[in-house]
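Here the structure is laid out as structure tokens; the discussion comes afterwards.
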Number of protein chains: 4
Amino acid sequence: MSHRFEITERVQFSETDMAGIVHFSNFYRYMERAEHGFFRSLGLSVIDPAHHGHERVGWPRVHASCEFFLPLFFEDEVRIELLVEEVRSKVIRYLFRFWRMDSELAAEGRVTAACVRKDPTTGKMKAVSIPDRIRHKVEAAPASLLAAVRPKGPPNNSLR
Amino acid sequence: MSHRFEITERVQFSETDMAGIVHFSNFYRYMERAEHGFFRSLGLSVIDPAHHGHERVGWPRVHASCEFFLPLFFEDEVRIELLVEEVRSKVIRYLFRFWRMDSELAAEGRVTAACVRKDPTTGKMKAVSIPDRIRHKVEAAPASLLAAVRPKGPPNNSLR
Amino acid sequence: MSHRFEITERVQFSETDMAGIVHFSNFYRYMERAEHGFFRSLGLSVIDPAHHGHERVGWPRVHASCEFFLPLFFEDEVRIELLVEEVRSKVIRYLFRFWRMDSELAAEGRVTAACVRKDPTTGKMKAVSIPDRIRHKVEAAPASLLAAVRPKGPPNNSLR
Amino acid sequence: MSHRFEITERVQFSETDMAGIVHFSNFYRYMERAEHGFFRSLGLSVIDPAHHGHERVGWPRVHASCEFFLPLFFEDEVRIELLVEEVRSKVIRYLFRFWRMDSELAAEGRVTAACVRKDPTTGKMKAVSIPDRIRHKVEAAPASLLAAVRPKGPPNNSLR
């Protein structure tokens, strides 16, 4: 059972914008990168292989959000920490923390991924219970890890 | 004073992913595209020109979120509706609705953009009051427009 | 029969990089955007519909190149002109010109798209002759249109 | 003096398109990623620091091209090999090879990056001689490394 994973990425030039910082849309790509790495670390893939006698499931996002505290710059090394916030019957909720210089909280994001299967009749995606072969590997992180982290710097909450 | 704007975009091939639908990170780019079009419609630019005797401000995001209801496909025409949800002293909060086929609510997003100015001493960005020349052009949309819209299809709230 | 098409796009913030100009990878996205618009203008789609009793073809790129003459900036209006440079039995070669302010040649690109069909035995893509239903709609542009255009400014050829 | 560098990247979900393969525009981003890694490996940065008493130079692309031989798929590990093809007074020309499974040549690309400095009078970028502090670290690869590599599979040259 796992509830935590992390990757370290270096900010690429193509991820910056004319403000000289990482464009906010790329934070969502970083989160997904960590999520998919988490699955691989469990011997899984978000692209469920079509064999082993089980039906394939997919993981579309139903919600994604991010709070931005500090900008990320070109060539910064960023540690992206994934924590499983909740496992429900049909969804997994993830929390992501972006650490710059290993100590400054640059951003905090959340993604809710739904477990879906293609309905053979309609061809549409339908939320289904997470298969046991996945469920047995993922658990919510302890409350101590999920507890709010205080970003450094002056209180800025009036801006959220 | 304006509180509403919309653009219509056609989904491009490079915006899709291997699931055959628009990658979720692109919804945030669509929102920004609408936001910047809104500014242009008011005779403004998010890249504040450095003249007219005023100090330049910028608009970094401090929060962005999106709820995904329906996938968007290649060559779909999507209407992105921007509504000003709130104008505070230092931030503007936007609500975005993604309409597919002009009637189906595919997604609903929110962005909070802070008005910042570069501190001449530290060189860092600092939240400042929205200048009157901008403030006088933007107002919150009426509650009737901001009221929750029910996406079509079976209730899916347990997945958010 | 058609050999020319054009679209006008406004440069988006997310397409810029920290150098303050459009990141070069986005020129290839603009070219594809024009190519797909060209197909739509002919009543076609690069995503070949699976009906009408014909077999579906796809158009992967086998070559793409671009010469960059002038930078493109945020909110610039750019006219992308597509010219069919050559139609061969299995490929179409396109030439693209990026016009800034409608008169300055900012870049010139080329794409070779191969007509492919999935081999039912191997499941792999295989180059095939362009079907008549498409071939009959596309022709090479006249030499006068394809003739080299001199970008403004000092000769810079030693840099290519 | 260095003439070769390589990085290994795993294909990310957001880099794929609805054809199920890496979108061609991302090959250019991979090339740049390798180029910037090469600079870092030499103790340099493409974002030239503004100190040490020297004038800052930048490296815009004046040409970029790519030949695509084989598709890259989600979660593929790709080795991107950079070779310095030529060092001229004002430009560096790079050759990139994309190796899938460490043995299959998936693509071959080229980038010509010009050394530029901002003209203090006009504010425009101007090509300048590569400073010695950079020039002394970069050399062309030997002809044996630059010699053409035969991609596997049936000859496909008629498609280029």
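Following the order of the structure tokens, chains are lettered A, B, ..., residues in each are numbered from 1, and ligands are numbered from 1.
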Identify, on the basis of only C-alpha atoms, every residue whose closest approach to Ala64 in chain B does not exceed 6 Å; exclude the query and any residue fewer than 2 positions from it along the same chain; express the result as a CSV table (one decimal) with C-alpha atoms, in the first residue's frame.
chain,number,residue,atom,x,y,z
A,65,SER,CA,-7.0,23.0,-9.0
A,66,CYS,CA,-3.8,24.8,-8.0
B,110,ARG,CA,-12.2,29.6,-12.1
B,111,VAL,CA,-9.1,31.8,-12.1
Would you kindly return, as a list in words, each protein, DNA or RNA residue with an atom no farther than 8 Å from any atom of Ser14 in chain C, considering only C-alpha atoms and excluding same-chain residues fewer than 2 positions away?
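So, after excluding close chain neighbours, the residues are Asp17 and His23 of chain A; Arg29 of chain B; Gln12, Thr16 and Asp17 of chain C.
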Serialized selection, N, CA and C atoms, as an mmCIF file, in the first residue's frame:
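That gives us selection.cif:
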data_model
loop_
_atom_site.group_PDB
_atom_site.id
_atom_site.type_symbol
_atom_site.label_atom_id
_atom_site.label_comp_id
_atom_site.auth_asym_id
_atom_site.auth_seq_id
_atom_site.Cartn_x
_atom_site.Cartn_y
_atom_site.Cartn_z
ATOM 1 N N ASP A 17 7.091 31.438 -19.839
ATOM 2 C CA ASP A 17 6.359 32.379 -20.686
ATOM 3 C C ASP A 17 7.054 33.730 -20.636
ATOM 4 N N HIS A 23 4.724 28.846 -17.066
ATOM 5 C CA HIS A 23 3.317 29.147 -17.328
ATOM 6 C C HIS A 23 2.445 28.248 -16.461
ATOM 7 N N ARG B 29 -5.445 26.968 -20.640
ATOM 8 C CA ARG B 29 -4.991 27.864 -21.706
ATOM 9 C C ARG B 29 -6.178 28.545 -22.388
ATOM 10 N N GLN C 12 -0.864 33.978 -28.539
ATOM 11 C CA GLN C 12 -1.345 33.837 -27.170
ATOM 12 C C GLN C 12 -0.183 33.883 -26.175
ATOM 13 N N THR C 16 4.274 32.169 -25.761
ATOM 14 C CA THR C 16 5.546 32.887 -25.620
ATOM 15 C C THR C 16 6.462 32.149 -24.643
ATOM 16 N N ASP C 17 7.741 32.496 -24.684
ATOM 17 C CA ASP C 17 8.689 31.950 -23.720
ATOM 18 C C ASP C 17 9.400 33.104 -23.020
#
Using only C-alpha atoms, can you tell me which of C:Leu159, C:Met125, C:Met1, C:Met31 comes closest to chain B?
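Closest to chain B, using only C-alpha atoms: C:Met31.
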Set the distance at 10 Å and use only C-alpha atoms: which residues neighbour Val149 in chain B once local chain neighbours fewer than 3 positions away are removed? I'd like the list as a PDB file with C-alpha atoms, in the first residue's frame.
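Generated file (result_15.pdb):
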ATOM      1  CA  ARG B  97     -17.975  28.048 -18.806  1.00  0.00           C
ATOM      2  CA  LEU B 105     -21.677  22.490 -20.403  1.00  0.00           C
ATOM      3  CA  GLU B 108     -16.493  25.100 -15.555  1.00  0.00           C
ATOM      4  CA  LEU B 145     -25.536  34.914 -14.522  1.00  0.00           C
ATOM      5  CA  LEU B 146     -23.256  33.464 -11.869  1.00  0.00           C
ATOM      6  CA  LYS B 152     -26.701  17.621 -18.585  1.00  0.00           C
TER       7      LYS B 152
END
Counting only C-alpha atoms, give me one row per residue of chain C with an atom at most 9 Å from an atom of chain B, showing the shortest contact pair and its distance in Å to one decimal, sorted by chain then residue number, as a tab-separated table.
residue	atom	partner	partner_atom	distance
C:Gln12	CA	B:Arg33	CA	6.7
C:Phe13	CA	B:Arg33	CA	7.8
C:Ser14	CA	B:Arg29	CA	6.9
C:Arg29	CA	B:Ser14	CA	6.9
C:Glu32	CA	B:Phe13	CA	8.1
C:Arg33	CA	B:Gln12	CA	6.8
C:His36	CA	B:Phe13	CA	8.4
C:Ser45	CA	B:Glu75	CA	8.8
C:Ile47	CA	B:Phe74	CA	8.5
C:Phe74	CA	B:Ile47	CA	8.5
C:Glu75	CA	B:Ser45	CA	8.8
Strand (DSSP E) per DSSP on the backbone: members of chain B, as a VMD selection string:
chain B and resid 4 to 10 61 to 68 77 to 87 91 to 100 104 to 114 116 to 118 125 to 127
Nearby residues (only C-alpha atoms) at most 7 Å from Phe73 in chain C, same-chain spacing under 5 positions excluded, as an mmCIF file with N, CA, C and O atoms, in the first residue's frame:
data_model
loop_
_atom_site.group_PDB
_atom_site.id
_atom_site.type_symbol
_atom_site.label_atom_id
_atom_site.label_comp_id
_atom_site.auth_asym_id
_atom_site.auth_seq_id
_atom_site.Cartn_x
_atom_site.Cartn_y
_atom_site.Cartn_z
ATOM 1 N N VAL C 11 -1.236 35.821 -31.480
ATOM 2 C CA VAL C 11 -0.297 35.129 -30.592
ATOM 3 C C VAL C 11 -0.817 35.148 -29.152
ATOM 4 O O VAL C 11 -1.179 36.206 -28.628
ATOM 5 N N GLY C 20 10.425 36.312 -24.448
ATOM 6 C CA GLY C 20 9.415 37.303 -24.796
ATOM 7 C C GLY C 20 8.838 37.118 -26.187
ATOM 8 O O GLY C 20 8.099 37.983 -26.674
ATOM 9 N N ILE C 21 9.159 35.991 -26.824
ATOM 10 C CA ILE C 21 8.695 35.748 -28.196
ATOM 11 C C ILE C 21 8.061 34.361 -28.286
ATOM 12 O O ILE C 21 8.173 33.556 -27.370
ATOM 13 N N VAL C 22 7.389 34.108 -29.416
ATOM 14 C CA VAL C 22 6.753 32.801 -29.596
ATOM 15 C C VAL C 22 7.820 31.704 -29.601
ATOM 16 O O VAL C 22 8.801 31.790 -30.355
#
Could you give me, as a ChimeraX atom specification, the residues within 10 Å of range 100-103 of chain B, counting only C-alpha atoms and dropping anything in the same chain fewer than 5 positions from it?
/B:8,70-73,76-80,151-152
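Relative to CA of Asp119 in chain B, CA of Val84 in chain B is found at 27.6 Å.
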What lies within 10 Å of Gly43 in chain B using only C-alpha atoms, ignoring chain neighbours under 5 positions off, as number ranges by chain?
B: 37-38, 134, 137
Might you pull out every residue within 10 Å of His136 in chain D, with only C-alpha atoms counted and same-chain residues fewer than 5 positions away left off, and present them as a list in words?
Met1, Ser2, Ile130 and Pro131 of chain D
Would you put the residues from that selection into a file with all heavy atoms, as a CSV table (one decimal), in the first residue's frame?
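Output file again-v7.csv is given in full below:
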chain,number,residue,atom,x,y,z
D,1,MET,N,36.8,20.5,-24.6
D,1,MET,CA,36.0,20.6,-25.8
D,1,MET,C,35.0,19.4,-25.9
D,1,MET,O,35.4,18.2,-25.7
D,1,MET,CB,37.0,20.5,-27.0
D,1,MET,CG,37.9,21.6,-27.1
D,1,MET,SD,37.2,23.2,-27.7
D,1,MET,CE,37.4,23.0,-29.5
D,2,SER,N,33.8,19.7,-26.2
D,2,SER,CA,32.8,18.6,-26.2
D,2,SER,C,32.0,18.7,-27.5
D,2,SER,O,31.8,19.8,-28.1
D,2,SER,CB,31.9,18.8,-25.0
D,2,SER,OG,31.0,17.7,-24.9
D,130,ILE,N,30.6,34.1,-31.6
D,130,ILE,CA,30.5,33.3,-30.4
D,130,ILE,C,31.6,33.7,-29.4
D,130,ILE,O,32.8,33.6,-29.9
D,130,ILE,CB,30.5,31.8,-30.7
D,130,ILE,CG1,29.4,31.4,-31.6
D,130,ILE,CG2,30.4,31.0,-29.4
D,130,ILE,CD1,29.5,30.0,-32.2
D,131,PRO,N,31.3,34.1,-28.2
D,131,PRO,CA,32.4,34.5,-27.3
D,131,PRO,C,33.4,33.3,-27.1
D,131,PRO,O,32.9,32.1,-27.0
D,131,PRO,CB,31.7,34.8,-26.0
D,131,PRO,CG,30.3,35.1,-26.4
D,131,PRO,CD,30.0,34.3,-27.6
From C:Lys90, C:Ala19, C:Trp99, C:Trp59, residue lying nearest Lys118 in chain D [only C-alpha atoms]:
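Among C:Lys90, C:Ala19, C:Trp99, C:Trp59, it is C:Ala19 that comes nearest to Lys118 in chain D.
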